[in-house]
file work25.cif (mmCIF, N, CA and C atoms)
data_run
#
loop_
_atom_site.label_atom_id
_atom_site.label_comp_id
_atom_site.auth_asym_id
_atom_site.auth_seq_id
_atom_site.Cartn_x
_atom_site.Cartn_y
_atom_site.Cartn_z
N MET H 8 32.43 -117.27 122.86
CA MET H 8 32.74 -116.86 124.22
C MET H 8 32.32 -115.41 124.45
N VAL H 9 32.61 -114.57 123.48
CA VAL H 9 32.25 -113.16 123.62
C VAL H 9 30.73 -113.02 123.70
N GLY H 10 30.03 -113.75 122.85
CA GLY H 10 28.57 -113.73 122.88
C GLY H 10 28.02 -114.19 124.22
N TYR H 11 28.61 -115.23 124.78
CA TYR H 11 28.17 -115.74 126.08
C TYR H 11 28.35 -114.68 127.15
N LEU H 12 29.51 -114.01 127.13
CA LEU H 12 29.76 -112.96 128.13
C LEU H 12 28.75 -111.84 128.00
N GLN H 13 28.44 -111.47 126.76
CA GLN H 13 27.44 -110.43 126.54
C GLN H 13 26.07 -110.85 127.07
N GLU H 14 25.68 -112.10 126.81
CA GLU H 14 24.41 -112.61 127.31
C GLU H 14 24.37 -112.64 128.83
N ALA H 15 25.55 -112.82 129.45
CA ALA H 15 25.63 -112.84 130.91
C ALA H 15 25.70 -111.43 131.50
N GLY H 16 25.67 -110.42 130.63
CA GLY H 16 25.63 -109.04 131.11
C GLY H 16 26.98 -108.36 131.22
N VAL H 17 28.02 -108.97 130.69
CA VAL H 17 29.35 -108.35 130.73
C VAL H 17 29.46 -107.44 129.52
N PRO H 18 29.66 -106.14 129.74
CA PRO H 18 29.78 -105.23 128.60
C PRO H 18 31.08 -105.46 127.83
N ARG H 19 31.04 -105.21 126.55
CA ARG H 19 32.23 -105.39 125.70
C ARG H 19 33.42 -104.60 126.22
N SER H 20 33.15 -103.46 126.81
CA SER H 20 34.24 -102.62 127.30
C SER H 20 35.03 -103.26 128.44
N ARG H 21 34.50 -104.33 129.01
CA ARG H 21 35.18 -105.00 130.12
C ARG H 21 35.91 -106.28 129.68
N VAL H 22 35.84 -106.60 128.40
CA VAL H 22 36.42 -107.85 127.89
C VAL H 22 37.76 -107.59 127.22
N VAL H 23 38.72 -108.46 127.50
CA VAL H 23 40.01 -108.44 126.83
C VAL H 23 40.29 -109.88 126.37
N LEU H 24 40.49 -110.05 125.07
CA LEU H 24 40.89 -111.36 124.55
C LEU H 24 42.41 -111.41 124.55
N ILE H 25 42.96 -112.60 124.73
CA ILE H 25 44.40 -112.80 124.71
C ILE H 25 44.69 -113.93 123.73
N THR H 26 45.55 -113.65 122.76
CA THR H 26 45.93 -114.70 121.82
C THR H 26 46.78 -115.72 122.54
N PRO H 27 46.87 -116.93 122.01
CA PRO H 27 47.79 -117.90 122.61
C PRO H 27 49.22 -117.43 122.42
N PRO H 28 50.11 -117.84 123.32
CA PRO H 28 51.52 -117.53 123.11
C PRO H 28 52.06 -118.37 121.96
N PRO H 29 53.22 -118.01 121.44
CA PRO H 29 53.81 -118.85 120.39
C PRO H 29 54.20 -120.21 120.95
N LEU H 30 54.42 -121.14 120.08
CA LEU H 30 54.83 -122.49 120.45
C LEU H 30 56.31 -122.66 120.13
N CYS H 31 57.08 -123.11 121.10
CA CYS H 31 58.49 -123.45 120.85
C CYS H 31 58.49 -124.92 120.45
N GLU H 32 58.54 -125.16 119.15
CA GLU H 32 58.37 -126.52 118.63
C GLU H 32 59.42 -127.49 119.15
N ALA H 33 60.67 -127.05 119.26
CA ALA H 33 61.73 -127.96 119.71
C ALA H 33 61.47 -128.44 121.13
N ALA H 34 61.12 -127.53 122.02
CA ALA H 34 60.85 -127.90 123.41
C ALA H 34 59.58 -128.74 123.52
N TRP H 35 58.53 -128.37 122.75
CA TRP H 35 57.29 -129.13 122.81
C TRP H 35 57.47 -130.53 122.23
N GLU H 36 58.31 -130.64 121.22
CA GLU H 36 58.59 -131.96 120.64
C GLU H 36 59.24 -132.87 121.67
N GLN H 37 60.15 -132.33 122.47
CA GLN H 37 60.78 -133.12 123.53
C GLN H 37 59.74 -133.58 124.55
N GLU H 38 58.82 -132.69 124.88
CA GLU H 38 57.74 -133.03 125.82
C GLU H 38 56.85 -134.13 125.22
N CYS H 39 56.56 -134.02 123.95
CA CYS H 39 55.73 -135.03 123.27
C CYS H 39 56.44 -136.39 123.28
N LEU H 40 57.74 -136.39 123.00
CA LEU H 40 58.50 -137.64 123.00
C LEU H 40 58.47 -138.30 124.38
N LEU H 41 58.54 -137.49 125.43
CA LEU H 41 58.44 -138.04 126.80
C LEU H 41 57.08 -138.68 127.04
N GLN H 42 56.06 -138.18 126.36
CA GLN H 42 54.70 -138.72 126.49
C GLN H 42 54.46 -139.89 125.53
N GLY H 43 55.48 -140.21 124.71
CA GLY H 43 55.35 -141.34 123.79
C GLY H 43 54.67 -141.01 122.48
N CYS H 44 54.67 -139.74 122.11
CA CYS H 44 54.06 -139.38 120.83
C CYS H 44 54.98 -138.42 120.08
N LYS H 45 54.62 -138.11 118.86
CA LYS H 45 55.44 -137.19 118.08
C LYS H 45 54.86 -135.78 118.18
N LEU H 46 55.59 -134.81 117.67
CA LEU H 46 55.17 -133.41 117.70
C LEU H 46 53.74 -133.29 117.16
N ASN H 47 52.87 -132.67 117.94
CA ASN H 47 51.46 -132.60 117.56
C ASN H 47 50.93 -131.18 117.38
N ARG H 48 51.83 -130.20 117.41
CA ARG H 48 51.43 -128.81 117.19
C ARG H 48 52.54 -128.09 116.43
N LEU H 49 52.15 -127.06 115.70
CA LEU H 49 53.11 -126.23 114.98
C LEU H 49 52.86 -124.77 115.31
N ASN H 50 53.93 -124.00 115.42
CA ASN H 50 53.78 -122.59 115.73
C ASN H 50 52.99 -121.87 114.64
N SER H 51 53.13 -122.28 113.41
CA SER H 51 52.39 -121.63 112.32
C SER H 51 50.88 -121.80 112.52
N VAL H 52 50.46 -122.95 113.03
CA VAL H 52 49.04 -123.18 113.29
C VAL H 52 48.58 -122.35 114.49
N VAL H 53 49.43 -122.25 115.50
CA VAL H 53 49.11 -121.39 116.64
C VAL H 53 48.93 -119.95 116.15
N GLY H 54 49.75 -119.55 115.19
CA GLY H 54 49.62 -118.23 114.60
C GLY H 54 48.27 -118.02 113.92
N GLU H 55 47.74 -119.08 113.32
CA GLU H 55 46.41 -118.99 112.71
C GLU H 55 45.35 -118.77 113.79
N TYR H 56 45.47 -119.47 114.92
CA TYR H 56 44.55 -119.26 116.04
C TYR H 56 44.66 -117.83 116.56
N ALA H 57 45.90 -117.34 116.67
CA ALA H 57 46.12 -115.96 117.13
C ALA H 57 45.45 -114.98 116.17
N GLY H 58 45.61 -115.23 114.87
CA GLY H 58 44.98 -114.37 113.88
C GLY H 58 43.47 -114.38 113.99
N ALA H 59 42.90 -115.55 114.24
CA ALA H 59 41.45 -115.66 114.41
C ALA H 59 40.99 -114.89 115.64
N CYS H 60 41.77 -114.96 116.70
CA CYS H 60 41.45 -114.23 117.93
C CYS H 60 41.46 -112.73 117.66
N LEU H 61 42.47 -112.26 116.93
CA LEU H 61 42.54 -110.84 116.57
C LEU H 61 41.33 -110.43 115.74
N GLN H 62 40.92 -111.29 114.82
CA GLN H 62 39.77 -110.98 113.97
C GLN H 62 38.48 -110.91 114.79
N VAL H 63 38.31 -111.84 115.72
CA VAL H 63 37.12 -111.82 116.59
C VAL H 63 37.09 -110.53 117.40
N ALA H 64 38.23 -110.15 117.95
CA ALA H 64 38.29 -108.92 118.73
C ALA H 64 37.92 -107.71 117.88
N GLN H 65 38.43 -107.68 116.67
CA GLN H 65 38.11 -106.57 115.77
C GLN H 65 36.62 -106.58 115.42
N ASP H 66 36.09 -107.74 115.07
CA ASP H 66 34.68 -107.85 114.69
C ASP H 66 33.76 -107.46 115.84
N CYS H 67 34.17 -107.77 117.07
CA CYS H 67 33.33 -107.49 118.24
C CYS H 67 33.62 -106.13 118.86
N GLY H 68 34.67 -105.47 118.39
CA GLY H 68 35.01 -104.16 118.95
C GLY H 68 35.53 -104.24 120.37
N ILE H 69 36.35 -105.26 120.66
CA ILE H 69 36.89 -105.40 122.02
C ILE H 69 38.41 -105.40 121.97
N ASP H 70 39.01 -105.13 123.12
CA ASP H 70 40.46 -105.10 123.22
C ASP H 70 41.04 -106.50 123.11
N VAL H 71 42.27 -106.55 122.61
CA VAL H 71 42.97 -107.83 122.49
C VAL H 71 44.43 -107.62 122.81
N LEU H 72 45.01 -108.60 123.47
CA LEU H 72 46.45 -108.63 123.74
C LEU H 72 47.03 -109.71 122.86
N ASP H 73 47.85 -109.30 121.91
CA ASP H 73 48.43 -110.23 120.94
C ASP H 73 49.73 -110.81 121.49
N LEU H 74 49.61 -111.76 122.37
CA LEU H 74 50.76 -112.39 123.02
C LEU H 74 51.63 -113.13 122.00
N TRP H 75 51.00 -113.73 121.02
CA TRP H 75 51.74 -114.50 120.01
C TRP H 75 52.74 -113.60 119.29
N THR H 76 52.32 -112.42 118.89
CA THR H 76 53.20 -111.50 118.18
C THR H 76 54.20 -110.85 119.13
N LEU H 77 53.74 -110.40 120.28
CA LEU H 77 54.62 -109.71 121.23
C LEU H 77 55.82 -110.56 121.64
N MET H 78 55.58 -111.84 121.89
CA MET H 78 56.66 -112.71 122.35
C MET H 78 57.68 -113.01 121.25
N GLN H 79 57.28 -112.84 120.00
CA GLN H 79 58.19 -113.12 118.89
C GLN H 79 58.74 -111.84 118.25
N LYS H 80 58.41 -110.70 118.84
CA LYS H 80 58.81 -109.40 118.29
C LYS H 80 60.31 -109.35 118.08
N ASP H 81 60.71 -108.83 116.94
CA ASP H 81 62.12 -108.68 116.59
C ASP H 81 62.87 -110.01 116.65
N SER H 82 62.20 -111.08 116.35
CA SER H 82 62.80 -112.43 116.32
C SER H 82 63.47 -112.81 117.63
N GLN H 83 62.94 -112.29 118.75
CA GLN H 83 63.54 -112.61 120.04
C GLN H 83 63.32 -114.07 120.42
N ASP H 84 64.20 -114.59 121.25
CA ASP H 84 64.07 -115.97 121.74
C ASP H 84 63.02 -115.97 122.84
N PHE H 85 61.89 -116.57 122.58
CA PHE H 85 60.77 -116.58 123.53
C PHE H 85 60.72 -117.87 124.34
N SER H 86 61.67 -118.77 124.15
CA SER H 86 61.60 -120.09 124.80
C SER H 86 61.58 -119.99 126.32
N SER H 87 62.20 -118.98 126.89
CA SER H 87 62.21 -118.86 128.36
C SER H 87 60.84 -118.47 128.90
N TYR H 88 59.94 -118.02 128.03
CA TYR H 88 58.58 -117.68 128.45
C TYR H 88 57.68 -118.90 128.57
N LEU H 89 58.21 -120.06 128.15
CA LEU H 89 57.41 -121.29 128.13
C LEU H 89 58.10 -122.37 128.95
N SER H 90 57.34 -123.05 129.78
CA SER H 90 57.92 -124.07 130.66
C SER H 90 58.24 -125.36 129.91
N ASP H 91 57.44 -125.67 128.90
CA ASP H 91 57.61 -126.92 128.17
C ASP H 91 57.48 -126.74 126.66
N GLY H 92 57.55 -125.51 126.23
CA GLY H 92 57.37 -125.20 124.82
C GLY H 92 55.96 -124.76 124.48
N LEU H 93 55.01 -125.06 125.39
CA LEU H 93 53.60 -124.74 125.14
C LEU H 93 53.01 -123.85 126.23
N HIS H 94 53.25 -124.20 127.49
CA HIS H 94 52.64 -123.51 128.62
C HIS H 94 53.57 -122.43 129.17
N LEU H 95 52.97 -121.35 129.67
CA LEU H 95 53.76 -120.24 130.19
C LEU H 95 54.58 -120.66 131.42
N SER H 96 55.80 -120.18 131.47
CA SER H 96 56.67 -120.34 132.62
C SER H 96 56.43 -119.16 133.56
N PRO H 97 57.05 -119.15 134.74
CA PRO H 97 56.93 -117.96 135.58
C PRO H 97 57.35 -116.67 134.84
N LYS H 98 58.41 -116.74 134.06
CA LYS H 98 58.84 -115.57 133.28
C LYS H 98 57.78 -115.21 132.23
N GLY H 99 57.16 -116.20 131.64
CA GLY H 99 56.09 -115.95 130.67
C GLY H 99 54.88 -115.32 131.32
N ASN H 100 54.55 -115.76 132.54
CA ASN H 100 53.45 -115.14 133.27
C ASN H 100 53.76 -113.70 133.61
N GLU H 101 55.00 -113.41 133.96
CA GLU H 101 55.40 -112.03 134.21
C GLU H 101 55.28 -111.19 132.95
N PHE H 102 55.68 -111.76 131.82
CA PHE H 102 55.55 -111.07 130.53
C PHE H 102 54.09 -110.75 130.24
N LEU H 103 53.23 -111.75 130.42
CA LEU H 103 51.80 -111.56 130.21
C LEU H 103 51.28 -110.46 131.13
N PHE H 104 51.62 -110.54 132.40
CA PHE H 104 51.14 -109.54 133.36
C PHE H 104 51.58 -108.13 132.97
N SER H 105 52.85 -108.01 132.57
CA SER H 105 53.37 -106.67 132.26
C SER H 105 52.65 -106.04 131.06
N HIS H 106 52.11 -106.85 130.18
CA HIS H 106 51.38 -106.31 129.03
C HIS H 106 49.87 -106.24 129.28
N LEU H 107 49.36 -107.11 130.13
CA LEU H 107 47.92 -107.12 130.41
C LEU H 107 47.52 -106.05 131.42
N TRP H 108 48.37 -105.82 132.40
CA TRP H 108 48.01 -104.88 133.46
C TRP H 108 47.65 -103.49 132.93
N PRO H 109 48.40 -102.91 131.99
CA PRO H 109 47.98 -101.59 131.48
C PRO H 109 46.59 -101.59 130.86
N LEU H 110 46.21 -102.68 130.19
CA LEU H 110 44.86 -102.76 129.62
C LEU H 110 43.80 -102.82 130.72
N ILE H 111 44.08 -103.60 131.75
CA ILE H 111 43.13 -103.71 132.86
C ILE H 111 43.05 -102.39 133.62
N GLU H 112 44.20 -101.79 133.87
CA GLU H 112 44.25 -100.51 134.58
C GLU H 112 43.39 -99.47 133.87
N LYS H 113 43.49 -99.43 132.54
CA LYS H 113 42.70 -98.48 131.76
C LYS H 113 41.21 -98.74 131.93
N LYS H 114 40.83 -100.00 132.04
CA LYS H 114 39.42 -100.35 132.15
C LYS H 114 38.84 -100.09 133.54
N VAL H 115 39.65 -100.19 134.57
CA VAL H 115 39.12 -100.07 135.94
C VAL H 115 39.47 -98.76 136.62
N SER H 116 40.32 -97.95 136.02
CA SER H 116 40.79 -96.74 136.70
C SER H 116 39.66 -95.77 137.04
N SER H 117 38.59 -95.79 136.29
CA SER H 117 37.49 -94.86 136.56
C SER H 117 36.44 -95.44 137.51
N LEU H 118 36.61 -96.69 137.93
CA LEU H 118 35.63 -97.29 138.84
C LEU H 118 35.81 -96.74 140.24
N PRO H 119 34.71 -96.54 140.97
CA PRO H 119 34.82 -96.03 142.34
C PRO H 119 35.34 -97.11 143.28
N LEU H 120 36.03 -96.69 144.33
CA LEU H 120 36.47 -97.62 145.36
C LEU H 120 35.29 -97.94 146.26
N LEU H 121 35.06 -99.21 146.55
CA LEU H 121 33.96 -99.61 147.41
C LEU H 121 34.40 -99.75 148.86
N LEU H 122 35.67 -99.98 149.05
CA LEU H 122 36.22 -100.13 150.39
C LEU H 122 37.37 -99.14 150.55
N PRO H 123 37.70 -98.80 151.78
CA PRO H 123 38.81 -97.85 151.96
C PRO H 123 40.15 -98.47 151.56
N TYR H 124 41.08 -97.61 151.24
CA TYR H 124 42.44 -98.04 150.95
C TYR H 124 42.98 -98.76 152.18
N TRP H 125 43.78 -99.78 152.01
CA TRP H 125 44.21 -100.62 153.12
C TRP H 125 44.90 -99.82 154.22
N ARG H 126 45.63 -98.78 153.86
CA ARG H 126 46.32 -97.96 154.89
C ARG H 126 45.34 -97.16 155.73
N ASP H 127 44.12 -96.95 155.23
CA ASP H 127 43.13 -96.16 155.95
C ASP H 127 42.27 -97.00 156.89
N VAL H 128 42.52 -98.30 156.95
CA VAL H 128 41.75 -99.17 157.83
C VAL H 128 42.38 -99.15 159.22
N ALA H 129 41.56 -98.86 160.23
CA ALA H 129 42.04 -98.81 161.62
C ALA H 129 42.38 -100.23 162.07
N GLU H 130 43.63 -100.46 162.43
CA GLU H 130 44.05 -101.81 162.81
C GLU H 130 43.35 -102.29 164.07
N ALA H 131 43.18 -101.44 165.05
CA ALA H 131 42.58 -101.85 166.33
C ALA H 131 41.12 -102.23 166.16
N LYS H 132 40.38 -101.48 165.36
CA LYS H 132 38.95 -101.74 165.16
C LYS H 132 38.63 -101.56 163.68
N PRO H 133 39.00 -102.55 162.85
CA PRO H 133 38.78 -102.39 161.41
C PRO H 133 37.32 -102.18 161.04
N GLU H 134 36.39 -102.69 161.85
CA GLU H 134 34.98 -102.52 161.52
C GLU H 134 34.58 -101.05 161.46
N LEU H 135 35.27 -100.20 162.22
CA LEU H 135 34.98 -98.76 162.16
C LEU H 135 35.30 -98.19 160.79
N SER H 136 36.36 -98.68 160.19
CA SER H 136 36.75 -98.21 158.86
C SER H 136 35.90 -98.83 157.77
N LEU H 137 35.48 -100.06 157.97
CA LEU H 137 34.77 -100.79 156.93
C LEU H 137 33.27 -100.59 156.98
N LEU H 138 32.74 -100.37 158.17
CA LEU H 138 31.30 -100.26 158.32
C LEU H 138 30.85 -98.87 158.72
N GLY H 139 31.74 -97.94 158.76
CA GLY H 139 31.37 -96.57 159.13
C GLY H 139 31.33 -96.40 160.63
N ASP H 140 30.16 -96.57 161.23
CA ASP H 140 30.04 -96.34 162.67
C ASP H 140 30.26 -97.60 163.50
N GLY H 141 30.44 -98.74 162.88
CA GLY H 141 30.71 -99.96 163.61
C GLY H 141 29.51 -100.61 164.25
N ASP H 142 28.30 -100.03 164.07
CA ASP H 142 27.09 -100.57 164.71
C ASP H 142 26.41 -101.64 163.88
N ARG H 143 26.87 -101.90 162.67
CA ARG H 143 26.18 -102.87 161.79
C ARG H 143 26.59 -104.28 162.06
#

call {"tool": "encode", "arguments": {"input": "work25.cif", "output": "structure tokens"}}
result
Amino acid sequence: MVGYLQEAGVPRSRVVLITPPPLCEAAWEQECLLQGCKLNRLNSVVGEYAGACLQVAQDCGIDVLDLWTLMQKDSQDFSSYLSDGLHLSPKGNEFLFSHLWPLIEKKVSSLPLLLPYWRDVAEAKPELSLLGDGDR
């Protein structure tokens, strides 16, 4: 994936990899039973994928957000971050955002603004604010 992005012209400095979140096996097992199958994933295996993601980021020299480790930090109960034991819940999405936003902010803070700040747009004639003289 990183190679593809590079071939498409995306610089490494703009890429952030995110490890998978941990798996809550008890909740995912219940979901599997509802689907008529047995538990088909283990958190330890998800940890191996997370480790591989960290290694790729290191090898490629790109930033990584280790969601798998962060959600399990200090043996905290991460089950509320997952809607079904596997997929992020609204609280999990908030957790992801709160950790991802600082990385994104760091990457884009030096970029120039292409459009005026929303408060600087004239409500009556926004084209004057967006197009300069409004003649375009």

call {"tool": "residues_around", "arguments": {"input": "work25.cif", "residues": "Glu36 of chain H", "least_positions_apart": "3", "cutoff": "6.5 Å", "atoms": "only N, CA and C atoms", "output": "ChimeraX atom specification"}}
result
/H:31-33,39-41,45-47

call {"tool": "atom_distance", "arguments": {"input": "work25.cif", "atom1": "atom C of Val115 of chain H", "atom2": "atom CA of Glu134 of chain H"}}
result
25.6 Å

call {"tool": "closest_atom_pairs", "arguments": {"input": "work25.cif", "of": "segment 32-73 of chain H", "to": "segment 8-27 of chain H", "cutoff": "6 Å", "atoms": "only N, CA and C atoms", "output": "tab-separated table"}}
result
residue	atom	partner	partner_atom	distance
H:Tyr56	C	H:Pro27	N	5.9
H:Ala57	CA	H:Thr26	CA	4.9
H:Cys60	CA	H:Thr26	CA	6.0
H:Ile69	CA	H:Arg19	C	5.5
H:Asp70	C	H:Leu24	N	4.1
H:Val71	CA	H:Leu24	C	4.2
H:Leu72	N	H:Leu24	C	4.0
H:Asp73	CA	H:Thr26	N	4.8

call {"tool": "select_by_dssp", "arguments": {"input": "work25.cif", "residues": "chain H", "states": "helix (DSSP H, G or I)", "output": "ChimeraX atom specification"}}
result
/H:9-14,19-21,32-41,50-67,74-82,86-88,97-115,125-127,133-138

call {"tool": "atom_distance", "arguments": {"input": "work25.cif", "atom1": "atom CA of Leu74 of chain H", "atom2": "atom CA of Gly99 of chain H"}}
result
10.0 Å

call {"tool": "atom_distance", "arguments": {"input": "work25.cif", "atom1": "atom CA of Leu77 of chain H", "atom2": "atom CA of Asn50 of chain H"}}
result
14.0 Å

call {"tool": "resolve_selection", "arguments": {"input": "work25.cif", "expression": "the PyMOL selection byres (((chain H and resi 53 and name CA) around 10) and name CA)", "output": "mmCIF file with N, CA and C atoms, in the frame of the given file"}}
result
data_model
loop_
_atom_site.group_PDB
_atom_site.id
_atom_site.type_symbol
_atom_site.label_atom_id
_atom_site.label_comp_id
_atom_site.auth_asym_id
_atom_site.auth_seq_id
_atom_site.Cartn_x
_atom_site.Cartn_y
_atom_site.Cartn_z
ATOM 1 N N THR H 26 45.550 -113.650 122.760
ATOM 2 C CA THR H 26 45.930 -114.700 121.820
ATOM 3 C C THR H 26 46.780 -115.720 122.540
ATOM 4 N N PRO H 27 46.870 -116.930 122.010
ATOM 5 C CA PRO H 27 47.790 -117.900 122.610
ATOM 6 C C PRO H 27 49.220 -117.430 122.420
ATOM 7 N N PRO H 28 50.110 -117.840 123.320
ATOM 8 C CA PRO H 28 51.520 -117.530 123.110
ATOM 9 C C PRO H 28 52.060 -118.370 121.960
ATOM 10 N N PRO H 29 53.220 -118.010 121.440
ATOM 11 C CA PRO H 29 53.810 -118.850 120.390
ATOM 12 C C PRO H 29 54.200 -120.210 120.950
ATOM 13 N N LEU H 30 54.420 -121.140 120.080
ATOM 14 C CA LEU H 30 54.830 -122.490 120.450
ATOM 15 C C LEU H 30 56.310 -122.660 120.130
ATOM 16 N N ARG H 48 51.830 -130.200 117.410
ATOM 17 C CA ARG H 48 51.430 -128.810 117.190
ATOM 18 C C ARG H 48 52.540 -128.090 116.430
ATOM 19 N N LEU H 49 52.150 -127.060 115.700
ATOM 20 C CA LEU H 49 53.110 -126.230 114.980
ATOM 21 C C LEU H 49 52.860 -124.770 115.310
ATOM 22 N N ASN H 50 53.930 -124.000 115.420
ATOM 23 C CA ASN H 50 53.780 -122.590 115.730
ATOM 24 C C ASN H 50 52.990 -121.870 114.640
ATOM 25 N N SER H 51 53.130 -122.280 113.410
ATOM 26 C CA SER H 51 52.390 -121.630 112.320
ATOM 27 C C SER H 51 50.880 -121.800 112.520
ATOM 28 N N VAL H 52 50.460 -122.950 113.030
ATOM 29 C CA VAL H 52 49.040 -123.180 113.290
ATOM 30 C C VAL H 52 48.580 -122.350 114.490
ATOM 31 N N GLY H 54 49.750 -119.550 115.190
ATOM 32 C CA GLY H 54 49.620 -118.230 114.600
ATOM 33 C C GLY H 54 48.270 -118.020 113.920
ATOM 34 N N GLU H 55 47.740 -119.080 113.320
ATOM 35 C CA GLU H 55 46.410 -118.990 112.710
ATOM 36 C C GLU H 55 45.350 -118.770 113.790
ATOM 37 N N TYR H 56 45.470 -119.470 114.920
ATOM 38 C CA TYR H 56 44.550 -119.260 116.040
ATOM 39 C C TYR H 56 44.660 -117.830 116.560
ATOM 40 N N ALA H 57 45.900 -117.340 116.670
ATOM 41 C CA ALA H 57 46.120 -115.960 117.130
ATOM 42 C C ALA H 57 45.450 -114.980 116.170
ATOM 43 N N GLY H 58 45.610 -115.230 114.870
ATOM 44 C CA GLY H 58 44.980 -114.370 113.880
ATOM 45 C C GLY H 58 43.470 -114.380 113.990
ATOM 46 N N ALA H 59 42.900 -115.550 114.240
ATOM 47 C CA ALA H 59 41.450 -115.660 114.410
ATOM 48 C C ALA H 59 40.990 -114.890 115.640
ATOM 49 N N TRP H 75 51.000 -113.730 121.020
ATOM 50 C CA TRP H 75 51.740 -114.500 120.010
ATOM 51 C C TRP H 75 52.740 -113.600 119.290
#

call {"tool": "residues_around", "arguments": {"input": "work25.cif", "residues": "Leu89 of chain H", "least_positions_apart": "4", "cutoff": "8 Å", "atoms": "all atoms listed in the file", "output": "list in words"}}
result
Pro29, Cys31, Phe85, Leu93, His94, Leu95, Ser96, Pro97, Lys98, Gly99 and Asn100 of chain H

call {"tool": "select_by_dssp", "arguments": {"input": "work25.cif", "residues": "chain H", "states": "strand (DSSP E or B)", "output": "PyMOL selection string"}}
result
chain H and resi 23-25+70-72+89+95

call {"tool": "closest_residue", "arguments": {"input": "work25.cif", "among": "H:Asp91, H:Asp66, H:Asp81, H:Glu112", "to": "Ala34 of chain H", "atoms": "only N, CA and C atoms"}}
result
H:Asp91
